[in-house]
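Text of query-v2.cif, listed as mmCIF, C-alpha atoms and all ligand atoms:
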```cif
data_work
loop_
_atom_site.group_PDB
_atom_site.id
_atom_site.type_symbol
_atom_site.label_atom_id
_atom_site.label_comp_id
_atom_site.auth_asym_id
_atom_site.auth_seq_id
_atom_site.Cartn_x
_atom_site.Cartn_y
_atom_site.Cartn_z
ATOM 1 C CA MET A 27 14.019 8.717 0.182
ATOM 2 C CA LYS A 28 11.166 10.803 1.508
ATOM 3 C CA VAL A 29 8.293 8.310 1.614
ATOM 4 C CA LEU A 30 4.623 9.271 1.885
ATOM 5 C CA VAL A 31 2.678 6.570 3.722
ATOM 6 C CA ILE A 32 -0.987 6.717 2.744
ATOM 7 C CA GLY A 33 -3.111 5.067 5.427
ATOM 8 C CA ALA A 34 -0.382 5.739 7.994
ATOM 9 C CA ASN A 35 -2.778 5.534 10.930
ATOM 10 C CA GLY A 36 -3.944 2.049 9.945
ATOM 11 C CA ASN A 37 -2.893 -1.271 11.416
ATOM 12 C CA THR A 38 -0.435 -1.960 8.612
ATOM 13 C CA GLY A 39 0.365 1.646 7.717
ATOM 14 C CA PHE A 40 1.548 2.475 11.216
ATOM 15 C CA ARG A 41 3.863 -0.544 11.189
ATOM 16 C CA VAL A 42 5.214 0.706 7.853
ATOM 17 C CA VAL A 43 5.897 4.111 9.401
ATOM 18 C CA GLN A 44 7.697 2.517 12.347
ATOM 19 C CA ARG A 45 9.901 0.447 10.046
ATOM 20 C CA LEU A 46 10.682 3.498 7.918
ATOM 21 C CA VAL A 47 11.769 5.365 11.060
ATOM 22 C CA ASP A 48 14.303 2.559 11.634
ATOM 23 C CA SER A 49 15.453 2.630 8.006
ATOM 24 C CA SER A 50 17.502 5.000 5.883
ATOM 25 C CA HIS A 51 14.268 6.572 4.602
ATOM 26 C CA ASP A 52 12.214 9.480 5.923
ATOM 27 C CA PRO A 53 8.495 8.783 6.366
ATOM 28 C CA VAL A 54 5.728 11.338 6.016
ATOM 29 C CA ALA A 55 2.437 10.102 7.441
ATOM 30 C CA MET A 56 -0.739 10.948 5.555
ATOM 31 C CA ILE A 57 -3.613 10.927 8.037
ATOM 32 C CA ARG A 58 -7.242 11.964 7.839
ATOM 33 C CA ASP A 59 -7.706 13.607 11.195
ATOM 34 C CA ALA A 60 -5.478 15.970 13.197
ATOM 35 C CA SER A 61 -6.347 14.040 16.384
ATOM 36 C CA GLN A 62 -4.205 11.177 14.997
ATOM 37 C CA ARG A 63 -1.061 13.336 15.089
ATOM 38 C CA PRO A 64 0.356 12.696 18.609
ATOM 39 C CA ARG A 65 1.703 9.194 18.020
ATOM 40 C CA PHE A 66 3.544 10.430 14.939
ATOM 41 C CA ASP A 67 4.795 13.546 16.741
ATOM 42 C CA GLU A 68 6.187 11.278 19.492
ATOM 43 C CA ARG A 69 8.299 9.486 16.897
ATOM 44 C CA GLY A 70 9.370 12.663 15.101
ATOM 45 C CA VAL A 71 7.388 11.726 11.994
ATOM 46 C CA PRO A 72 5.883 14.626 10.032
ATOM 47 C CA THR A 73 2.200 14.350 9.165
ATOM 48 C CA VAL A 74 0.064 15.728 6.394
ATOM 49 C CA LEU A 75 -3.713 15.738 6.318
ATOM 50 C CA GLY A 76 -5.238 14.074 3.283
ATOM 51 C CA ASP A 77 -8.325 12.169 2.260
ATOM 52 C CA LEU A 78 -8.357 9.894 -0.782
ATOM 53 C CA GLU A 79 -11.856 11.082 -1.660
ATOM 54 C CA TYR A 80 -10.344 14.502 -2.469
ATOM 55 C CA PRO A 81 -7.179 15.737 -4.215
ATOM 56 C CA ILE A 82 -3.993 14.802 -2.322
ATOM 57 C CA ASP A 83 -1.448 16.564 -4.539
ATOM 58 C CA HIS A 84 -0.315 18.673 -1.553
ATOM 59 C CA ALA A 85 0.530 15.486 0.371
ATOM 60 C CA VAL A 86 2.578 13.892 -2.401
ATOM 61 C CA ALA A 87 4.492 17.091 -3.268
ATOM 62 C CA GLY A 88 8.200 16.714 -2.548
ATOM 63 C CA CYS A 89 8.047 12.963 -1.869
ATOM 64 C CA ASP A 90 10.278 10.474 -3.672
ATOM 65 C CA ALA A 91 8.097 7.459 -3.002
ATOM 66 C CA VAL A 92 4.602 6.450 -1.928
ATOM 67 C CA VAL A 93 3.520 3.412 0.074
ATOM 68 C CA PHE A 94 -0.236 2.922 -0.253
ATOM 69 C CA ALA A 95 -1.540 1.109 2.851
ATOM 70 C CA ALA A 96 -5.033 2.640 2.983
ATOM 71 C CA GLY A 97 -8.382 1.009 2.504
ATOM 72 C CA SER A 98 -12.025 1.720 3.152
ATOM 73 C CA GLY A 99 -12.377 -1.370 5.367
ATOM 74 C CA GLY A 100 -15.183 -3.861 5.631
ATOM 75 C CA LYS A 101 -17.535 -1.704 7.688
ATOM 76 C CA THR A 102 -18.130 1.100 5.212
ATOM 77 C CA GLY A 103 -20.505 0.904 2.273
ATOM 78 C CA LYS A 104 -19.520 -0.588 -1.054
ATOM 79 C CA ASP A 105 -19.610 2.930 -2.485
ATOM 80 C CA LYS A 106 -16.631 3.780 -0.261
ATOM 81 C CA THR A 107 -14.760 0.737 -1.553
ATOM 82 C CA VAL A 108 -15.069 2.137 -5.063
ATOM 83 C CA LEU A 109 -14.291 5.694 -4.005
ATOM 84 C CA ILE A 110 -11.235 4.839 -1.881
ATOM 85 C CA ASP A 111 -9.743 1.467 -2.893
ATOM 86 C CA HIS A 112 -10.340 2.014 -6.610
ATOM 87 C CA ILE A 113 -10.689 5.714 -7.463
ATOM 88 C CA GLY A 114 -8.732 7.043 -4.482
ATOM 89 C CA ALA A 115 -5.875 4.665 -5.197
ATOM 90 C CA ILE A 116 -5.732 5.788 -8.838
ATOM 91 C CA ARG A 117 -5.874 9.408 -7.652
ATOM 92 C CA SER A 118 -2.764 8.753 -5.567
ATOM 93 C CA MET A 119 -0.949 7.145 -8.515
ATOM 94 C CA VAL A 120 -1.665 10.095 -10.789
ATOM 95 C CA ALA A 121 -0.672 12.570 -8.065
ATOM 96 C CA ALA A 122 2.579 10.682 -7.471
ATOM 97 C CA SER A 123 3.507 10.667 -11.139
ATOM 98 C CA VAL A 124 2.613 14.334 -11.649
ATOM 99 C CA ALA A 125 4.609 15.298 -8.547
ATOM 100 C CA GLY A 126 7.640 13.410 -9.848
ATOM 101 C CA ALA A 127 7.711 10.736 -7.167
ATOM 102 C CA LYS A 128 9.754 7.898 -8.571
ATOM 103 C CA ARG A 129 8.646 4.886 -6.568
ATOM 104 C CA TYR A 130 5.169 3.561 -5.717
ATOM 105 C CA VAL A 131 4.475 0.487 -3.562
ATOM 106 C CA MET A 132 0.872 -0.706 -3.428
ATOM 107 C CA LEU A 133 -0.606 -2.900 -0.683
ATOM 108 C CA SER A 134 -3.129 -4.926 -2.665
ATOM 109 C CA SER A 135 -4.820 -8.257 -2.050
ATOM 110 C CA LEU A 136 -4.874 -11.921 -2.899
ATOM 111 C CA ASN A 137 -7.782 -12.853 -5.190
ATOM 112 C CA LYS A 138 -8.096 -9.409 -6.770
ATOM 113 C CA ASP A 139 -9.847 -9.864 -10.073
ATOM 114 C CA ILE A 140 -11.734 -7.367 -12.253
ATOM 115 C CA ARG A 141 -14.332 -10.107 -12.860
ATOM 116 C CA SER A 142 -14.391 -11.382 -9.306
ATOM 117 C CA ASP A 143 -17.536 -13.188 -8.230
ATOM 118 C CA SER A 144 -16.384 -13.587 -4.619
ATOM 119 C CA LYS A 145 -18.472 -12.587 -1.609
ATOM 120 C CA ILE A 146 -16.460 -9.371 -1.482
ATOM 121 C CA ARG A 147 -16.374 -8.838 -5.216
ATOM 122 C CA HIS A 148 -16.746 -5.059 -4.756
ATOM 123 C CA TYR A 149 -13.398 -5.110 -2.949
ATOM 124 C CA HIS A 150 -11.578 -7.638 -5.157
ATOM 125 C CA ARG A 151 -12.706 -5.773 -8.271
ATOM 126 C CA ALA A 152 -11.722 -2.378 -6.852
ATOM 127 C CA LYS A 153 -8.212 -3.591 -6.017
ATOM 128 C CA ALA A 154 -7.838 -5.227 -9.440
ATOM 129 C CA HIS A 155 -8.929 -2.076 -11.279
ATOM 130 C CA ALA A 156 -6.528 0.114 -9.298
ATOM 131 C CA ASP A 157 -3.621 -2.290 -9.830
ATOM 132 C CA ALA A 158 -4.401 -2.591 -13.538
ATOM 133 C CA PHE A 159 -4.133 1.191 -13.845
ATOM 134 C CA LEU A 160 -0.745 1.122 -12.132
ATOM 135 C CA HIS A 161 0.482 -1.537 -14.575
ATOM 136 C CA THR A 162 -0.299 0.570 -17.650
ATOM 137 C CA MET A 163 -0.599 4.210 -16.561
ATOM 138 C CA HIS A 164 2.606 5.146 -18.403
ATOM 139 C CA GLU A 165 0.739 4.350 -21.656
ATOM 140 C CA VAL A 166 -1.953 6.945 -20.954
ATOM 141 C CA MET A 167 0.301 9.498 -19.228
ATOM 142 C CA PRO A 168 3.395 9.432 -21.477
ATOM 143 C CA ASP A 169 4.222 13.067 -20.692
ATOM 144 C CA HIS A 170 4.744 12.311 -17.021
ATOM 145 C CA PRO A 171 7.480 10.219 -15.436
ATOM 146 C CA ALA A 172 6.617 6.527 -15.255
ATOM 147 C CA LEU A 173 6.376 5.262 -11.695
ATOM 148 C CA GLU A 174 8.612 2.394 -10.655
ATOM 149 C CA TRP A 175 5.843 0.362 -9.100
ATOM 150 C CA THR A 176 5.542 -2.761 -6.989
ATOM 151 C CA ILE A 177 2.286 -4.458 -6.014
ATOM 152 C CA VAL A 178 2.238 -6.685 -2.928
ATOM 153 C CA CYS A 179 -0.775 -8.995 -2.532
ATOM 154 C CA PRO A 180 -1.135 -10.453 0.973
ATOM 155 C CA GLY A 181 -3.595 -13.022 2.250
ATOM 156 C CA GLY A 182 -5.739 -12.593 5.346
ATOM 157 C CA LEU A 183 -3.946 -10.136 7.617
ATOM 158 C CA THR A 184 -3.037 -11.146 11.182
ATOM 159 C CA ASP A 185 -1.410 -9.453 14.149
ATOM 160 C CA GLU A 186 1.119 -12.260 14.607
ATOM 161 C CA PRO A 187 4.684 -11.170 15.359
ATOM 162 C CA ALA A 188 7.210 -10.699 12.585
ATOM 163 C CA THR A 189 9.019 -13.849 11.521
ATOM 164 C CA GLY A 190 10.964 -12.170 8.734
ATOM 165 C CA ARG A 191 10.191 -15.250 6.626
ATOM 166 C CA VAL A 192 7.701 -15.261 3.788
ATOM 167 C CA LEU A 193 6.486 -16.925 0.631
ATOM 168 C CA ALA A 194 6.599 -14.416 -2.233
ATOM 169 C CA GLY A 195 5.081 -15.189 -5.622
ATOM 170 C CA GLY A 196 2.748 -17.873 -6.846
ATOM 171 C CA ASP A 197 -0.906 -18.051 -7.785
ATOM 172 C CA HIS A 198 -3.021 -14.956 -7.031
ATOM 173 C CA ALA A 199 -6.128 -17.127 -6.569
ATOM 174 C CA GLN A 200 -5.489 -18.984 -3.336
ATOM 175 C CA SER A 201 -5.910 -18.614 0.415
ATOM 176 C CA GLY A 202 -3.398 -17.981 3.163
ATOM 177 C CA GLN A 203 -2.360 -15.595 5.890
ATOM 178 C CA THR A 204 0.106 -12.754 6.137
ATOM 179 C CA SER A 205 1.171 -11.080 9.354
ATOM 180 C CA ARG A 206 0.959 -7.298 9.197
ATOM 181 C CA GLU A 207 4.479 -7.189 10.650
ATOM 182 C CA ASN A 208 5.903 -9.293 7.819
ATOM 183 C CA LEU A 209 3.839 -7.298 5.327
ATOM 184 C CA ALA A 210 5.129 -3.957 6.619
ATOM 185 C CA ALA A 211 8.690 -5.266 6.495
ATOM 186 C CA VAL A 212 8.206 -6.305 2.870
ATOM 187 C CA LEU A 213 6.542 -3.028 1.811
ATOM 188 C CA VAL A 214 9.568 -1.151 3.168
ATOM 189 C CA ALA A 215 12.129 -3.652 1.851
ATOM 190 C CA CYS A 216 10.695 -3.247 -1.660
ATOM 191 C CA LEU A 217 11.903 0.362 -1.675
ATOM 192 C CA ASP A 218 15.498 -0.889 -1.562
ATOM 193 C CA GLU A 219 15.170 -3.985 -3.743
ATOM 194 C CA PRO A 220 15.182 -3.079 -7.462
ATOM 195 C CA THR A 221 14.170 -6.628 -8.381
ATOM 196 C CA THR A 222 10.688 -5.818 -7.081
ATOM 197 C CA ILE A 223 10.127 -2.992 -9.578
ATOM 198 C CA GLY A 224 7.380 -3.939 -12.032
ATOM 199 C CA LYS A 225 6.408 -6.992 -9.955
ATOM 200 C CA ASP A 226 2.881 -7.840 -8.787
ATOM 201 C CA PHE A 227 3.239 -10.717 -6.355
ATOM 202 C CA VAL A 228 1.490 -12.730 -3.665
ATOM 203 C CA LEU A 229 2.903 -12.475 -0.136
ATOM 204 C CA LEU A 230 2.164 -15.080 2.519
ATOM 205 C CA ASP A 231 3.912 -16.007 5.746
ATOM 206 C CA GLY A 232 6.481 -18.616 4.856
ATOM 207 C CA GLU A 233 9.965 -19.955 5.325
ATOM 208 C CA VAL A 234 12.214 -17.809 3.128
ATOM 209 C CA PRO A 235 14.030 -14.763 4.581
ATOM 210 C CA ILE A 236 12.447 -11.584 3.180
ATOM 211 C CA SER A 237 15.524 -10.288 1.353
ATOM 212 C CA GLU A 238 16.066 -13.652 -0.332
ATOM 213 C CA ALA A 239 12.379 -13.997 -1.238
ATOM 214 C CA LEU A 240 12.303 -10.556 -2.871
ATOM 215 C CA ARG A 241 15.553 -11.066 -4.767
ATOM 216 C CA SER A 242 14.213 -14.262 -6.280
ATOM 217 C CA LEU A 243 11.011 -12.734 -7.662
HETATM 218 N N1 LIG A 301 -7.820 -7.327 6.293
HETATM 219 C C1 LIG A 301 -7.312 -8.252 5.518
HETATM 220 O O1 LIG A 301 -7.331 -9.462 5.839
HETATM 221 C C2 LIG A 301 -6.696 -7.853 4.206
HETATM 222 C C3 LIG A 301 -6.257 -8.832 3.330
HETATM 223 C C4 LIG A 301 -5.616 -8.460 2.143
HETATM 224 C C5 LIG A 301 -5.412 -7.107 1.879
HETATM 225 N N2 LIG A 301 -5.868 -6.148 2.754
HETATM 226 C C6 LIG A 301 -5.626 -4.736 2.442
HETATM 227 O O2 LIG A 301 -4.767 -4.196 3.428
HETATM 228 C C7 LIG A 301 -5.198 -2.882 3.741
HETATM 229 C C8 LIG A 301 -4.657 -2.471 5.085
HETATM 230 O O3 LIG A 301 -5.201 -3.314 6.076
HETATM 231 P P1 LIG A 301 -5.241 -2.793 7.573
HETATM 232 O O4 LIG A 301 -5.775 -3.883 8.392
HETATM 233 O O5 LIG A 301 -3.939 -2.149 7.918
HETATM 234 O O6 LIG A 301 -6.342 -1.645 7.417
HETATM 235 P P2 LIG A 301 -6.816 -0.515 8.448
HETATM 236 O O7 LIG A 301 -6.219 -0.726 9.777
HETATM 237 O O8 LIG A 301 -8.296 -0.455 8.328
HETATM 238 O O9 LIG A 301 -6.177 0.815 7.847
HETATM 239 C C9 LIG A 301 -6.717 1.444 6.738
HETATM 240 C C10 LIG A 301 -6.245 2.877 6.740
HETATM 241 O O10 LIG A 301 -6.807 3.522 5.586
HETATM 242 C C11 LIG A 301 -7.202 4.814 5.986
HETATM 243 N N3 LIG A 301 -8.262 5.361 5.137
HETATM 244 C C12 LIG A 301 -9.541 4.934 5.015
HETATM 245 N N4 LIG A 301 -10.224 5.747 4.204
HETATM 246 C C13 LIG A 301 -9.362 6.704 3.796
HETATM 247 C C14 LIG A 301 -9.471 7.850 2.968
HETATM 248 N N5 LIG A 301 -10.618 8.203 2.387
HETATM 249 N N6 LIG A 301 -8.366 8.621 2.788
HETATM 250 C C15 LIG A 301 -7.200 8.293 3.373
HETATM 251 N N7 LIG A 301 -7.022 7.245 4.187
HETATM 252 C C16 LIG A 301 -8.100 6.454 4.393
HETATM 253 C C17 LIG A 301 -7.712 4.656 7.411
HETATM 254 O O11 LIG A 301 -7.719 5.920 8.033
HETATM 255 P P3 LIG A 301 -8.278 6.148 9.538
HETATM 256 O O12 LIG A 301 -7.181 5.629 10.426
HETATM 257 O O13 LIG A 301 -8.477 7.601 9.604
HETATM 258 O O14 LIG A 301 -9.550 5.353 9.641
HETATM 259 C C18 LIG A 301 -6.685 3.681 7.971
HETATM 260 O O15 LIG A 301 -5.601 4.382 8.505
HETATM 261 C C19 LIG A 301 -6.717 -2.987 3.658
HETATM 262 O O16 LIG A 301 -7.300 -1.721 3.449
HETATM 263 C C20 LIG A 301 -6.899 -3.906 2.470
HETATM 264 O O17 LIG A 301 -6.951 -3.153 1.277
HETATM 265 C C21 LIG A 301 -6.496 -6.507 3.894
#
```

Represent the structure of the file as structure tokens.
Amino acid sequence: MKVLVIGANGNTGFRVVQRLVDSSHDPVAMIRDASQRPRFDERGVPTVLGDLEYPIDHAVAGCDAVVFAAGSGGKTGKDKTVLIDHIGAIRSMVAASVAGAKRYVMLSSLNKDIRSDSKIRHYHRAKAHADAFLHTMHEVMPDHPALEWTIVCPGGLTDEPATGRVLAGGDHAQSGQTSRENLAAVLVACLDEPTTIGKDFVLLDGEVPISEALRSL
């Protein structure tokens, strides 16, 4: 599959791109700035410029799948959280469906909740609203192909090495850690594991091999 990675220049997104290069799929890296191109060029990965605050239909065109690994980050204003993590994410879902992309894998978050009262409620609410749209968008866009979606909700992200072993599933309201390497491996593995379609699950570092953990969801 031709897979658009949104947030490809990010700490997780770049790991996703690298894993896609080593897979049977063909990544396309969506980046915001042409100066980010060289490290993708070096790996033979095509890039497309796109910003979630604006239409990205040109970026999604011709892609079979989308992996959403973008986010406004903790250093921007809360307005950007709404514009990127909530509205921008929904923009990408609509663009994917309209373009005929079949598969959509969302990097979400533990503790997302549309009524969150957490210290980062702007973020937890934004992620919950975007994911809720993905769950039901086929009901409001019946004339467009329904996306085969998967939502992966990690805990606090770390730069620990890949263990290939995770805990998938369980309560969305909890704490825990997820290595970006394990997360990237799971985001890519979901593309090839039909059991993950229509699943919205927690992902923490754990003891179960990734393929087994995903099959048992
Ligand atoms: N940090 C955690 O502990 C944690 C826990 C649970 C879930 N998450 C989720 O995981 C995501 C990925 O984490 P990470 O550490 O890999 O994040 P990251 O390194 O900050 O990467 C985020 C990426 O999003 C891109 N981006 C930001 N605004 C954009 C826009 N308007 N249009 C297109 N792309 C845009 C950034 O582009 P540039 O490279 O151009 O800046 C960057 O490449 C987070 O955004 C968050 O939603 C994080």

With the file shown as input, list the residues that the PyMOL selection byres (((chain A and resi 41) around 10) and not hetatm) selects, as a ChimeraX atom specification.
-> /A:34-40,42-47,206-211,214

Dump C-alpha atoms for the selected residues as an mmCIF file, keeping the file's coordinate frame?
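For reference, selection-v2.cif as written:
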```
data_model
loop_
_atom_site.group_PDB
_atom_site.id
_atom_site.type_symbol
_atom_site.label_atom_id
_atom_site.label_comp_id
_atom_site.auth_asym_id
_atom_site.auth_seq_id
_atom_site.Cartn_x
_atom_site.Cartn_y
_atom_site.Cartn_z
ATOM 1 C CA ALA A 34 -0.382 5.739 7.994
ATOM 2 C CA ASN A 35 -2.778 5.534 10.930
ATOM 3 C CA GLY A 36 -3.944 2.049 9.945
ATOM 4 C CA ASN A 37 -2.893 -1.271 11.416
ATOM 5 C CA THR A 38 -0.435 -1.960 8.612
ATOM 6 C CA GLY A 39 0.365 1.646 7.717
ATOM 7 C CA PHE A 40 1.548 2.475 11.216
ATOM 8 C CA VAL A 42 5.214 0.706 7.853
ATOM 9 C CA VAL A 43 5.897 4.111 9.401
ATOM 10 C CA GLN A 44 7.697 2.517 12.347
ATOM 11 C CA ARG A 45 9.901 0.447 10.046
ATOM 12 C CA LEU A 46 10.682 3.498 7.918
ATOM 13 C CA VAL A 47 11.769 5.365 11.060
ATOM 14 C CA ARG A 206 0.959 -7.298 9.197
ATOM 15 C CA GLU A 207 4.479 -7.189 10.650
ATOM 16 C CA ASN A 208 5.903 -9.293 7.819
ATOM 17 C CA LEU A 209 3.839 -7.298 5.327
ATOM 18 C CA ALA A 210 5.129 -3.957 6.619
ATOM 19 C CA ALA A 211 8.690 -5.266 6.495
ATOM 20 C CA VAL A 214 9.568 -1.151 3.168
#
```

Taking only residues of chain A that have an atom at most 7 Å from an atom of ligand LIG 301 (chain A), what is each one's shortest atom pair and its distance in Å to one decimal, using all atoms listed in the file, in chain and number order, as a Markdown table?
```
| residue | atom | partner | partner_atom | distance |
| --- | --- | --- | --- | --- |
| A:Ile32 | CA | A:LIG301 | N7 | 6.2 |
| A:Gly33 | CA | A:LIG301 | O10 | 4.0 |
| A:Ala34 | CA | A:LIG301 | O15 | 5.4 |
| A:Asn35 | CA | A:LIG301 | O15 | 3.9 |
| A:Gly36 | CA | A:LIG301 | O15 | 3.2 |
| A:Asn37 | CA | A:LIG301 | O7 | 3.7 |
| A:Thr38 | CA | A:LIG301 | O5 | 3.6 |
| A:Gly39 | CA | A:LIG301 | O5 | 5.7 |
| A:Ile57 | CA | A:LIG301 | O13 | 6.1 |
| A:Arg58 | CA | A:LIG301 | O13 | 4.9 |
| A:Asp59 | CA | A:LIG301 | O13 | 6.3 |
| A:Gly76 | CA | A:LIG301 | C15 | 6.1 |
| A:Asp77 | CA | A:LIG301 | N6 | 3.6 |
| A:Leu78 | CA | A:LIG301 | N6 | 3.8 |
| A:Glu79 | CA | A:LIG301 | N5 | 5.1 |
| A:Ala95 | CA | A:LIG301 | C8 | 5.2 |
| A:Ala96 | CA | A:LIG301 | O10 | 3.3 |
| A:Gly97 | CA | A:LIG301 | O16 | 3.1 |
| A:Ser98 | CA | A:LIG301 | C12 | 4.5 |
| A:Gly99 | CA | A:LIG301 | O8 | 5.1 |
| A:Ile110 | CA | A:LIG301 | N5 | 5.5 |
| A:Asp111 | CA | A:LIG301 | O17 | 6.8 |
| A:Leu133 | CA | A:LIG301 | O2 | 6.0 |
| A:Ser134 | CA | A:LIG301 | C5 | 5.5 |
| A:Ser135 | CA | A:LIG301 | C5 | 4.1 |
| A:Leu136 | CA | A:LIG301 | C4 | 6.2 |
| A:Cys179 | CA | A:LIG301 | C5 | 6.7 |
| A:Pro180 | CA | A:LIG301 | C4 | 5.0 |
| A:Gly181 | CA | A:LIG301 | C4 | 5.0 |
| A:Gly182 | CA | A:LIG301 | O1 | 3.5 |
| A:Leu183 | CA | A:LIG301 | O1 | 3.9 |
```

How would the residues just picked look written out with C-alpha atoms as a compact mmCIF listing (two decimals), in the coordinates of the input?
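Printed below is result16.txt as written:
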```
# COMPACT_ATOMS: atom_id res chain seq x y z
CA ILE A 32 -0.99 6.72 2.74
CA GLY A 33 -3.11 5.07 5.43
CA ALA A 34 -0.38 5.74 7.99
CA ASN A 35 -2.78 5.53 10.93
CA GLY A 36 -3.94 2.05 9.94
CA ASN A 37 -2.89 -1.27 11.42
CA THR A 38 -0.44 -1.96 8.61
CA GLY A 39 0.36 1.65 7.72
CA ILE A 57 -3.61 10.93 8.04
CA ARG A 58 -7.24 11.96 7.84
CA ASP A 59 -7.71 13.61 11.20
CA GLY A 76 -5.24 14.07 3.28
CA ASP A 77 -8.32 12.17 2.26
CA LEU A 78 -8.36 9.89 -0.78
CA GLU A 79 -11.86 11.08 -1.66
CA ALA A 95 -1.54 1.11 2.85
CA ALA A 96 -5.03 2.64 2.98
CA GLY A 97 -8.38 1.01 2.50
CA SER A 98 -12.02 1.72 3.15
CA GLY A 99 -12.38 -1.37 5.37
CA ILE A 110 -11.24 4.84 -1.88
CA ASP A 111 -9.74 1.47 -2.89
CA LEU A 133 -0.61 -2.90 -0.68
CA SER A 134 -3.13 -4.93 -2.66
CA SER A 135 -4.82 -8.26 -2.05
CA LEU A 136 -4.87 -11.92 -2.90
CA CYS A 179 -0.78 -8.99 -2.53
CA PRO A 180 -1.14 -10.45 0.97
CA GLY A 181 -3.60 -13.02 2.25
CA GLY A 182 -5.74 -12.59 5.35
CA LEU A 183 -3.95 -10.14 7.62
```

One decimal, Å: what's the distance from atom CA of A:Met56 over to atom CA of A:Val86, could you say?
->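 Straight-line distance from atom CA of A:Met56 to atom CA of A:Val86 works out to 9.1 Å.
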
Written as JSON, numbers by chain, which residues does the PyMOL selection byres (((chain A and resi 157-168) around 12) and not hetatm) give for the file shown?
-> {"A": [94, 111, 112, 113, 114, 115, 116, 117, 118, 119, 120, 121, 122, 123, 124, 129, 130, 131, 132, 133, 134, 135, 136, 138, 139, 140, 150, 151, 152, 153, 154, 155, 156, 169, 170, 171, 172, 173, 174, 175, 176, 177, 178, 179, 223, 224, 225, 226, 227]}

Quick one: what's the axis-aligned box for stretch 106-119 of chain A, all listed atoms, 3 Å on every side, centre and edges in Å to one decimal, as AutoDock Vina command-line options?
```
--center_x -8.8 --center_y 5.1 --center_z -4.5 --size_x 21.7 --size_y 14.7 --size_z 14.6
```

Interatomic distance, atom CA of A:Ala55 to atom CA of A:Asp105 (Å, one decimal) | 25.2 Å
